[in-house]
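Asks: Quick one: the structure is below, and I'll ask about it shortly.
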Amino acid sequence: MSMNPNMSQETILKVEDLKTYFPMRTGIFKAVDGVSFELKRGKTLCVVGESGSGKSVTARSILQIVDRPGRIEGGSILLTRADGSVSDLARLDARGKDIRSVRGKEIAMIFQEPMSSLSPVHRIGTQIGEALRIHFGIRGNEQRERVLALLRQVEIPRPETAIDRYTFEFSGGMRQRVMIAMALACNPQVLIADEPTTALDVTTQAEILDLIKKLQQSHGMAVLFITHDMGVVAEIADEVLVMYRGKVMERGPVEQIFHAPQDDYTRRLIGSVVKLEKKAEVRLTRAAISAEAAPLLDVKNLSLTFPSGLKAVDDVSLIVRPGETLGIVGESGSGKTTMGRCLLRVYDPQAGAIDFRRPDGHTVDIRTADKAELKDIRREVRMIFQDPVGSLSPRKNVGQIIAEPLKLAGVKGRELEDRVCELMQQVGLEPAWRERYPHAFSGGQRQRIGIARAIAVKPRLIVADEATSALDVSLRSQMLDLMMKLQDELGLSYVFISHDMSVIRYMCDRVAVMYRGRIVEAGDTDQVVNHPQHDYTRALLSAIPHPDPRERRIHKRFRYDPARTVSANG
Amino acid sequence: MLRYILKRLVFAIPTLFAVSIIAFIIIQLPPGDYLTTLMADWASQGGAVEAGTVAAMRERYGLDQPIYYQYYKWIWGILTAGDFGISFELGKPVTELIWNRLGFSLLLSLLTLCFVWAIAIPIGILSAVRQYSISDYTATFLAFFFLAVPDFLMALSAMYVMSAWFGQSVGGLFSPDYVDAGWSFGKLVDFARHVWLPVVVIGLGSLAALVRIMRANLLDELSKPYVTTARAKGMSELELLIRYPVRLALNPLISTLGWILPAVISGEIIVSVVMSLPTTGPLLLRALLAQDMYLAGSLILLISVLTIIGTLISDILLALTDPRIRFQ
C-alpha cells in the first residue's frame with residue numbers, strides 16, 4: 001500500500017455512547033443503547049450480532065436514516081474531515097441540509113438487498129449519477145463519463161450498455177456492484193456496508209468481498225461492515241464490535257475476538273460457529289449406514305423442464321437409505337429446491353423415476369403414482385420449509401397447526417390432544433403454549449413448530465428445504481441437533497437441501513452437489529468436503545469464508561469456469 | 001415494445017367481437033321489439049292498427065328475421081360500409097345522430113379524467129405522507145362523502161346552487177346563443193364556462209377510489225428499501241418523494257385508467273340526462289326506452305369500444321412507464 005502508515009491510524013469517525021430509541025406503545029425500545037466505536041482510515045470494523053441486536057440501526061443512525069419512529073436520543077457521532085474540521089452528526093437535523101451534504105458524499109452506504117434497494121423503474125446510470133448531481137452539480141455528458149468510469153471500477157462488463165439497463169436485467173452480484181458504484185460516486189471517506197453479501201451466493205459473496213477490499217485500499221476508505229456471518233468477519237475485519245440487544249458486548253482486534261474472547265456472549269457465538277465447522281459429535285460416534293441396505297428412495301434420471309425452456313432438473317439420480325441424511329448443496333438457481341419439490345410431486349417431472357419403498361417393502365414410483373397412492377405417500381414423505389413465518393398460518397394456533405396432518409390422518413379427540421402435546425415436547429416446546437399463535441414465537445421456535453408438524457404423522461422421509469437458513473447461527477446448530485435427535489428416535493431419513501456447506505458437513509452422511517440442474521458430484525460428506533473431485537465443488541468450497549482470521553483464504557480461492565469444463569466434457 | 005402493442009391490439013379484436021354480441025343480446029332481452037312499443041304508443045293515442053300493417057312494417061325493418069341474421073346484417077354493415085343502421089324512432093341513419101354526441105361524450109370523459117387525476121394524486125400523496133393526520137382524515141372523509149352521494153343528486157344540487165346563488169346559466173354545454181353557432185373563440189369560452197360543472201360533478205364521484213389507491217400505493221412504496229438508498233445518497237426529502245415513491249406509486253394508478261373510463265362514462269349518462277348535455281347519455285336512454293334496436297346497439301358498442309381503447313391506452317402507458325412490463 002502506498003499509504004502513509006500514520007495516515008492509516010487516523011480516526012475518521014468516532015461514535016460515543018450512541019443511543020437510538022424507538023418509542024413504542026408498550027414503552028421505549030432501546031435499539032442502540034450506549035454504543036461506542038471508532039473508524040480508522042483504510043481499516044475495516046465489523047459489527048456482528050444476531051438479528052435484532054441493533055447493528056443495522058447503529059449504522060443507520062450515523063447517517064440519520066433510521067426508520068420512524070426511531071430517533072437518536074443521545075451520544076455523539078464525530079466526523080473528522082480531511083481539512084481537519086469536525087462535526088457531530090448526531091446533532092444535525094435529520095431532514096436538514098447539513099446531514100444531506102454528508103450522506104453519499106462523505107459517508108456512503110450499501111445495503112443488503114440489492115434488488116429492492118435499487119429502484120426498478122430507473123436506469124442504473126441515472127441512479128448512480130444522481131449522487132454526482134446532488135453533491136457536485138455534475139450533469140449530462142460529464143456525468144455519464146463519470147458513471148462509466150465507476151462501472152469500470154466495480155468491474156461490470158460492457159459498461160457502455162450496462163449503464164442504460166435496469167436492475168432486473170442484472171444478477172444479484174452485478175446489482176450489488178451497481179450499489180457499490182453508487183456509493184463510490186463521490187469518493188466517500190467512510191463506507192457503511194449493511195450485510196452487503198447476505199443475499200448472495202458464496203462464490204458471488206467472495207467476489208464482492210474482494211472488490212470492497214480492493215476499492216478500500218485504492219480509495220483509503222474506512223469501512224463499517226455489518227454482518228451476522230462470523231466467517232466473513234474473520235476474512236475481512238481489522239476490528240470487531242460484538243453487539244447483543246443494542247449493547248456492545250465486546251470490542252477488539254479480530255484476532256482477540258476469535259482466539260481470546262473476553263465476553264461470555266462472544267465466546268458462545270464463536271463456539272456455535274466453530275461447532276458447525278466439523279461434523280456433529282452424535283454423527284461421529286454413530287455406526288456407518290450400510291451401503292447394502294435397500295434404498296428408501298431411489299431417484300433415477302429425473303428431469304424437469306419448465307415451460308420457459310429452463311432445464312431446472314437435468315438427469316438427476318440419487319438414493320437415500322433408511323436412517324440416512326442426504327445433503328443437496330448448490331447455489332441459487334442450481335435447481336435444488338425444484339428437485340426437492342419434485343420428490344413430493346409439487347412439480348411434475350417429465351422423465352425419470354422416483355422409486356419410494358413403502359413400509360411393506362414394495363416400491364412405488366412417485367412420478368407416476370395415482371392420486372390415492374400419492375395421498376398415502378405424502379403422509380410418509382413430509383417437507384420442512386425455509387421461511388418459518390410464511391409457512392405457518394397466522395390464523396391458527398400452534399395446537400391446530402400441529403394437529404392438522406393428524407386430523408387428515410383421522411386422529412380425533414383426546415388422542416389428538418395427547419399426540420400434539422407429545423410432539424411439542426419432542427421438539428422442545430412447552431405443551432402449555434399450544435393455544436398461542438405463531439407470531440408469539442421466535443424464529444427458532446417457529447421452525448420447531450414446522451418440524452413438529454412434519455413429524456406428526458410419523459413420516460419416514462423428510463425433505464428439509466433450507467430449514468435453517470433463516471435462523472441465527474446459535475439457533476442453527478440447536479435445530480440441527482434436534483433434527484438428528486429425532487432422526488435417531490424415529491428412524492427418519494432426510495433430504496437436506498442447503499446452500500450452506502457448514503450445515504451440510506455438520507449433519508449429512510452423504511452429499512450431492514448440484515449445479516445448473518445437474519448433480520456434478522456425490523459421495524460421502526467427508527470425501528466430498530475434504531477431497532472434492534469436481535472443479536465446481538472445489539470452487540464452492542474454497543469460496544466459503546473460514547471463521548479463523550489466522551487463515552484467510554477466500555482471496556486465494558479456486559475459480560470455476562463452466563465454459564472451459566463444458567467444452568472439456570464435450 | 002412494438003410487438004407488445006401489436007399483441008395488445010390483436011387481443012382487443014376478440015374482445016370487441018364479444019362486446020358487440022353482448023350489446024346486441026342485451027337489447028333483445030326485453031320482450032317485444034320496437035314495433036310493440038310503437039303499437040302501444042298508437043293504441044294509447046286511440047289509433048287502431050291493422051294486423052297487416054304491423055306485419056308489413058316488421059318485414060320492412062327486418063324484424064321478422066331470426067336474431068342472428070339481424071345481428072349479422074347489422075355488424076356486416078358496420079364493418080363493410082360504416083353503416084350502423086337506421087334509428088326506427090327518429091327515422092335517420094344512426095351515424096348521423098351519434099357522431100356529434102359521441103365527440104362531446106369523449107371530450108367530457110377526458111376532461112373528467114384529467115380533473116380527477118389532477119385532484120386525486122396530490123390528495124393521495126398528502127394523505128400518505130401525513131398518514132393519520134387531520135389532513136389525511138379530512139381528505140378521506142370528503143372523498144368518501146362524494147362517493148356516497150348519488151350522481152344525479154349531486155348534479156341537481158350543483159345546478160341549484162349555481163343558478164340560484166350565482167345566477168349562472170346551467171344545463172347544456174352552451175348558452176342558447178351559441179348552441180347552433182359554428183365554432184369560434186366566443187363559443188369556446190362559453191363551452192369552458194359550462195363544461196366545468198358536469199366535469200366536477202362526474203369527477204367527484206370517482207375521486208375517492210383514486211385517492212385511496214394512490215394513498216395505499218404510496219404507503220407501500222414509502223417503506224421500500226430503495227427510498228432509504230436514495231436518502232443515503234443525500235437527496236432532499238421532497239425530490240426523493242417525487243422521484244422515487246410517487247413515481248412508482250403512479251404505475252398501478254395508470255392501470256386504473258381502464259376501469260375509471262367506463263365508470264366515468266356510465267356516470268356521465270345519468271348526469272347528462274339531469275343536466276341535459278348534448279352527449280350520448282340521454283340519446284342512449286331514449287333509445288333503450290323505445291327499444292330502438294340499432295341506435296341503442298350502436299351506442300353501447302361504441303361506448304364499449306371506447307372503453308377497450310382506454311384499456312389499451314393504459315396498457316401502453318404502463319409499458320412506457322414501467323420497464324418491468326416492457327421487458328417481460
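To be explicit about the labels: the chains of the C-alpha cells are called A, B, and onward in the order shown, and within each one the residues are counted from 1, while ligands get numbers from 1 in the order they are shown.
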Pick out the chain A residues within 9 Å of chain B. Count only C-alpha atoms. Give them as a ChimeraX atom specification.

Replies: /A:60,63-67,95-97,99-105,107-111,113-122,127,130-131,134-135,166,168,182-183

Asks: Output the selection as a short mmCIF file (atom, residue, chain, number, x, y, z; two decimals), in the first residue's frame - N, CA and C atoms for each residue.

Replies:
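Below is the file that was written, part.cif:
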```
data_model
loop_
_atom_site.label_atom_id
_atom_site.label_comp_id
_atom_site.auth_asym_id
_atom_site.auth_seq_id
_atom_site.Cartn_x
_atom_site.Cartn_y
_atom_site.Cartn_z
N ARG A 60 -27.44 2.94 10.53
CA ARG A 60 -28.35 3.94 10.00
C ARG A 60 -28.34 5.21 10.84
N LEU A 63 -25.99 8.04 9.62
CA LEU A 63 -26.47 8.93 8.56
C LEU A 63 -27.84 9.52 8.90
N GLN A 64 -28.32 9.21 10.09
CA GLN A 64 -29.66 9.66 10.49
C GLN A 64 -30.73 9.23 9.51
N ILE A 65 -30.67 7.98 9.10
CA ILE A 65 -31.73 7.47 8.22
C ILE A 65 -32.46 6.32 8.90
N VAL A 66 -32.56 6.41 10.22
CA VAL A 66 -33.30 5.38 10.95
C VAL A 66 -34.78 5.54 10.61
N ASP A 67 -35.45 4.40 10.39
CA ASP A 67 -36.88 4.48 10.08
C ASP A 67 -37.66 5.01 11.27
N ARG A 95 -33.59 16.10 8.56
CA ARG A 95 -34.09 16.49 7.25
C ARG A 95 -33.32 17.67 6.69
N GLY A 96 -32.31 18.11 7.45
CA GLY A 96 -31.64 19.37 7.09
C GLY A 96 -30.58 19.21 6.02
N LYS A 97 -30.07 20.38 5.59
CA LYS A 97 -29.08 20.43 4.53
C LYS A 97 -27.74 19.84 4.97
N ILE A 99 -26.84 17.42 7.15
CA ILE A 99 -26.67 15.97 7.14
C ILE A 99 -26.73 15.45 5.71
N ARG A 100 -27.53 16.14 4.85
CA ARG A 100 -27.64 15.69 3.46
C ARG A 100 -26.32 15.83 2.72
N SER A 101 -25.52 16.85 3.11
CA SER A 101 -24.24 17.02 2.42
C SER A 101 -23.24 15.98 2.89
N VAL A 102 -23.52 15.31 4.00
CA VAL A 102 -22.64 14.22 4.45
C VAL A 102 -23.02 12.92 3.76
N ARG A 103 -24.35 12.69 3.66
CA ARG A 103 -24.85 11.44 3.07
C ARG A 103 -24.41 11.31 1.62
N GLY A 104 -23.82 10.19 1.33
CA GLY A 104 -23.45 9.93 -0.06
C GLY A 104 -22.16 10.60 -0.47
N LYS A 105 -21.82 11.72 0.18
CA LYS A 105 -20.62 12.42 -0.22
C LYS A 105 -19.45 12.05 0.68
N ILE A 107 -19.97 10.05 3.71
CA ILE A 107 -20.25 8.70 4.19
C ILE A 107 -21.28 8.07 3.25
N ALA A 108 -20.91 6.98 2.62
CA ALA A 108 -21.85 6.33 1.72
C ALA A 108 -22.22 4.97 2.29
N MET A 109 -23.35 4.45 1.80
CA MET A 109 -23.84 3.21 2.40
C MET A 109 -24.31 2.25 1.31
N ILE A 110 -24.06 0.97 1.54
CA ILE A 110 -24.66 -0.04 0.67
C ILE A 110 -25.49 -1.00 1.52
N PHE A 111 -26.49 -1.60 0.88
CA PHE A 111 -27.48 -2.34 1.65
C PHE A 111 -27.53 -3.81 1.29
N GLU A 113 -30.19 -5.94 0.33
CA GLU A 113 -30.94 -6.48 -0.79
C GLU A 113 -30.71 -5.60 -2.01
N PRO A 114 -29.78 -5.94 -2.87
CA PRO A 114 -29.50 -5.03 -3.98
C PRO A 114 -30.70 -4.87 -4.91
N MET A 115 -31.62 -5.84 -4.92
CA MET A 115 -32.78 -5.72 -5.80
C MET A 115 -33.74 -4.67 -5.27
N SER A 116 -34.16 -4.81 -4.03
CA SER A 116 -35.16 -3.87 -3.53
C SER A 116 -34.54 -2.55 -3.11
N SER A 117 -33.22 -2.52 -2.97
CA SER A 117 -32.59 -1.25 -2.58
C SER A 117 -32.32 -0.35 -3.77
N LEU A 118 -32.60 -0.85 -4.95
CA LEU A 118 -32.47 -0.01 -6.14
C LEU A 118 -33.86 0.10 -6.76
N SER A 119 -34.14 1.24 -7.37
CA SER A 119 -35.45 1.41 -7.98
C SER A 119 -35.55 0.57 -9.25
N PRO A 120 -36.65 -0.15 -9.41
CA PRO A 120 -36.78 -0.99 -10.60
C PRO A 120 -37.12 -0.23 -11.88
N VAL A 121 -37.55 1.02 -11.75
CA VAL A 121 -38.01 1.72 -12.96
C VAL A 121 -37.04 2.81 -13.43
N HIS A 122 -35.91 2.96 -12.74
CA HIS A 122 -34.92 3.93 -13.20
C HIS A 122 -33.70 3.17 -13.71
N GLN A 127 -29.43 6.25 -11.55
CA GLN A 127 -29.38 6.12 -10.10
C GLN A 127 -27.97 6.36 -9.57
N GLU A 130 -27.02 10.22 -9.85
CA GLU A 130 -27.74 11.16 -9.00
C GLU A 130 -26.87 11.79 -7.92
N ALA A 131 -26.05 10.96 -7.26
CA ALA A 131 -25.21 11.48 -6.18
C ALA A 131 -24.27 12.56 -6.73
N ILE A 134 -26.37 15.70 -7.16
CA ILE A 134 -26.77 16.31 -5.90
C ILE A 134 -25.60 17.03 -5.24
N HIS A 135 -24.43 16.38 -5.20
CA HIS A 135 -23.34 16.95 -4.42
C HIS A 135 -22.42 17.85 -5.21
N TYR A 166 -31.75 -1.77 -16.62
CA TYR A 166 -32.50 -1.71 -15.36
C TYR A 166 -32.02 -2.81 -14.42
N PHE A 168 -33.41 -5.23 -12.87
CA PHE A 168 -33.85 -6.60 -13.00
C PHE A 168 -33.17 -7.32 -14.16
N MET A 182 -22.52 3.18 -6.90
CA MET A 182 -23.31 4.32 -6.45
C MET A 182 -22.69 4.93 -5.20
N ALA A 183 -22.26 4.05 -4.29
CA ALA A 183 -21.69 4.52 -3.03
C ALA A 183 -20.35 5.22 -3.26
#
```

Asks: DSSP on the backbone: which residues in range 67-315 of chain B end up as alpha helix (DSSP H)? Give the answer as number ranges by chain.

Replies: B: 67-81, 94-129, 134-148, 151-165, 185-222, 225-232, 237-241, 247-275, 280-289, 293-315

Asks: From the set B:Phe166, B:Phe11, B:Phe104, B:Trp99, which residue has the shortest atom-to-atom contact distance to Ile309 in chain B, counting only C-alpha atoms?

Replies: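 The shortest atom-to-atom distance to Ile309 in chain B comes from B:Phe11.
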
Asks: Could you pull out all residues of range 145-230 of chain A with a DSSP call of strand (DSSP E) and give them as a PyMOL selection string?

Replies: chain A and resi 190-194+222-227

Asks: List as a PyMOL selection string the protein and nucleic acid residues near Ile254 in chain B, meaning an atom at most 10 Å away when only C-alpha atoms are counted, but skip any in the same chain fewer than 4 places from it.

Replies: chain B and resi 117+249-250+258+260+311+313-318+321

Asks: Might you pull out every residue within 10 Å of Phe191 in chain B, with only C-alpha atoms counted and same-chain residues fewer than 2 positions away left off, and present them as a list of chain:residue names?

Replies: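 Listed by chain and then number, they are B:Gly172, B:Leu173, B:Phe174, B:Ser175, B:Tyr178, B:Val179, B:Phe185, B:Gly186, B:Lys187, B:Leu188, B:Val189, B:Arg193, B:His194, B:Val195, B:Trp196.
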
Asks: Write out, as a PDB file, in the first residue's frame, the residues just selected, with N, CA and C atoms.

Replies:
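Below is the file that was written, again.pdb:
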```pdb
ATOM      1  N   GLY B 172     -76.875  21.930 -20.179  1.00  0.00           N
ATOM      2  CA  GLY B 172     -76.297  22.013 -21.515  1.00  0.00           C
ATOM      3  C   GLY B 172     -74.826  22.332 -21.442  1.00  0.00           C
ATOM      4  N   LEU B 173     -74.202  22.341 -22.626  1.00  0.00           N
ATOM      5  CA  LEU B 173     -72.783  22.672 -22.666  1.00  0.00           C
ATOM      6  C   LEU B 173     -72.568  24.067 -23.234  1.00  0.00           C
ATOM      7  N   PHE B 174     -73.662  24.718 -23.684  1.00  0.00           N
ATOM      8  CA  PHE B 174     -73.527  26.042 -24.279  1.00  0.00           C
ATOM      9  C   PHE B 174     -74.689  26.914 -23.822  1.00  0.00           C
ATOM     10  N   SER B 175     -74.501  28.236 -23.917  1.00  0.00           N
ATOM     11  CA  SER B 175     -75.621  29.159 -23.737  1.00  0.00           C
ATOM     12  C   SER B 175     -76.493  29.040 -24.978  1.00  0.00           C
ATOM     13  N   TYR B 178     -75.230  30.163 -28.417  1.00  0.00           N
ATOM     14  CA  TYR B 178     -74.135  29.502 -29.106  1.00  0.00           C
ATOM     15  C   TYR B 178     -74.475  28.109 -29.605  1.00  0.00           C
ATOM     16  N   VAL B 179     -75.619  27.548 -29.142  1.00  0.00           N
ATOM     17  CA  VAL B 179     -75.881  26.133 -29.401  1.00  0.00           C
ATOM     18  C   VAL B 179     -75.735  25.791 -30.872  1.00  0.00           C
ATOM     19  N   PHE B 185     -64.020  31.558 -31.014  1.00  0.00           N
ATOM     20  CA  PHE B 185     -63.383  31.743 -29.715  1.00  0.00           C
ATOM     21  C   PHE B 185     -64.443  31.950 -28.636  1.00  0.00           C
ATOM     22  N   GLY B 186     -65.461  32.734 -29.004  1.00  0.00           N
ATOM     23  CA  GLY B 186     -66.538  33.000 -28.058  1.00  0.00           C
ATOM     24  C   GLY B 186     -67.238  31.722 -27.637  1.00  0.00           C
ATOM     25  N   LYS B 187     -67.439  30.853 -28.595  1.00  0.00           N
ATOM     26  CA  LYS B 187     -68.125  29.598 -28.281  1.00  0.00           C
ATOM     27  C   LYS B 187     -67.265  28.752 -27.356  1.00  0.00           C
ATOM     28  N   LEU B 188     -65.946  28.791 -27.579  1.00  0.00           N
ATOM     29  CA  LEU B 188     -65.028  28.017 -26.755  1.00  0.00           C
ATOM     30  C   LEU B 188     -65.085  28.498 -25.302  1.00  0.00           C
ATOM     31  N   VAL B 189     -65.066  29.802 -25.146  1.00  0.00           N
ATOM     32  CA  VAL B 189     -65.141  30.368 -23.792  1.00  0.00           C
ATOM     33  C   VAL B 189     -66.459  29.955 -23.146  1.00  0.00           C
ATOM     34  N   ARG B 193     -67.099  27.694 -19.777  1.00  0.00           N
ATOM     35  CA  ARG B 193     -67.886  28.165 -18.630  1.00  0.00           C
ATOM     36  C   ARG B 193     -68.989  27.175 -18.270  1.00  0.00           C
ATOM     37  N   HIS B 194     -69.398  26.369 -19.227  1.00  0.00           N
ATOM     38  CA  HIS B 194     -70.449  25.400 -18.929  1.00  0.00           C
ATOM     39  C   HIS B 194     -69.905  24.033 -18.531  1.00  0.00           C
ATOM     40  N   VAL B 195     -68.789  23.645 -19.144  1.00  0.00           N
ATOM     41  CA  VAL B 195     -68.377  22.252 -19.026  1.00  0.00           C
ATOM     42  C   VAL B 195     -67.827  21.920 -17.640  1.00  0.00           C
ATOM     43  N   TRP B 196     -67.298  22.912 -16.929  1.00  0.00           N
ATOM     44  CA  TRP B 196     -66.629  22.575 -15.669  1.00  0.00           C
ATOM     45  C   TRP B 196     -67.593  21.978 -14.657  1.00  0.00           C
TER      46      TRP B 196
END
```

Asks: If you count only C-alpha atoms, which residues fall within 7 Å of Gly444 in chain A, apart from same-chain ones fewer than 4 positions away, as a ChimeraX atom specification?

Replies: /A:448,471,475

Asks: Take the residues that were just selected and, keeping C-alpha atoms, output them as a compact mmCIF listing (two decimals), in the first residue's frame.

Replies:
```txt
# COMPACT_ATOMS: atom_id res chain seq x y z
CA ARG A 448 -39.66 -26.19 15.75
CA LEU A 471 -32.05 -18.74 11.65
CA LEU A 475 -30.04 -21.41 16.78
```

Asks: Provide the CA of Tyr34 in chain B to CA of Tyr72 in chain B distance in Å, to one decimal place.

Replies: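 Computing the Euclidean distance for CA of Tyr34 in chain B and CA of Tyr72 in chain B yields 18.5 Å.
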
Asks: Compile the contact shell of Val19 in chain B as a ChimeraX atom specification: residues with an atom at most 12 Å away, counting only C-alpha atoms, same-chain residues fewer than 2 positions apart removed.

Replies: /B:12-17,21-26,75,297-308

Asks: Could you dump the residues just selected with C-alpha atoms as a compact mmCIF listing (two decimals), in the first residue's frame?

Replies:
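That gives us part20.txt:
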```txt
# COMPACT_ATOMS: atom_id res chain seq x y z
CA ALA B 12 -58.55 -6.41 -28.46
CA ILE B 13 -60.24 -7.89 -31.53
CA PRO B 14 -61.98 -10.89 -29.92
CA THR B 15 -62.96 -8.65 -27.01
CA LEU B 16 -64.61 -6.23 -29.40
CA PHE B 17 -66.42 -9.06 -31.12
CA ILE B 21 -72.63 -9.75 -29.44
CA ILE B 22 -73.38 -8.95 -25.81
CA ALA B 23 -74.55 -5.47 -26.78
CA PHE B 24 -76.97 -6.97 -29.30
CA ILE B 25 -78.23 -9.63 -26.90
CA ILE B 26 -78.88 -7.08 -24.17
CA ILE B 75 -72.38 -5.95 -37.88
CA GLY B 297 -76.85 -1.22 -30.02
CA SER B 298 -74.55 1.18 -31.82
CA LEU B 299 -74.25 3.41 -28.78
CA ILE B 300 -73.43 0.55 -26.44
CA LEU B 301 -70.98 -0.82 -28.97
CA LEU B 302 -69.21 2.49 -29.43
CA ILE B 303 -69.02 3.19 -25.72
CA SER B 304 -67.56 -0.28 -25.18
CA VAL B 305 -65.06 0.30 -27.96
CA LEU B 306 -64.00 3.50 -26.24
CA THR B 307 -63.52 1.58 -23.02
CA ILE B 308 -61.43 -1.04 -24.75
```

Asks: Counting only C-alpha atoms, which of A:His439, A:Arg175, A:Lys407, A:Lys485 gets nearest to Arg453 in chain A?

Replies: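 Looking only at the distances to Arg453 in chain A, the closest residue turns out to be A:Lys407.
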
Asks: Work out how far apart CA of His259 in chain A and CA of Glu235 in chain A are and give it in Å to one decimal.

Replies: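 Between CA of His259 in chain A and CA of Glu235 in chain A the gap works out to 14.1 Å.
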
Asks: Which of these, A:Val381, A:Tyr265, A:Gly323, A:Val389, has the shortest distance to Lys247 in chain A once you count only C-alpha atoms?

Replies: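 Closest to Lys247 in chain A of all the choices is A:Tyr265.
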
Asks: Identify, on the basis of only C-alpha atoms, every residue whose closest approach to range 284-292 of chain B does not exceed 7 Å; exclude the query and any residue fewer than 4 positions from it along the same chain; express the result as a list of chain:residue names.

Replies: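 The contact residues come out as B:Asp33, B:Tyr34, B:Thr37, B:Ser87, B:Phe88, B:Glu89, B:Thr280, B:Ala296, B:Leu299.
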
Asks: In Å, with one decimal, what is the gap from CA of Ser20 in chain B to CA of Ser105 in chain B?

Replies: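 Atom-to-atom, CA of Ser20 in chain B and CA of Ser105 in chain B are spaced 19.7 Å apart.
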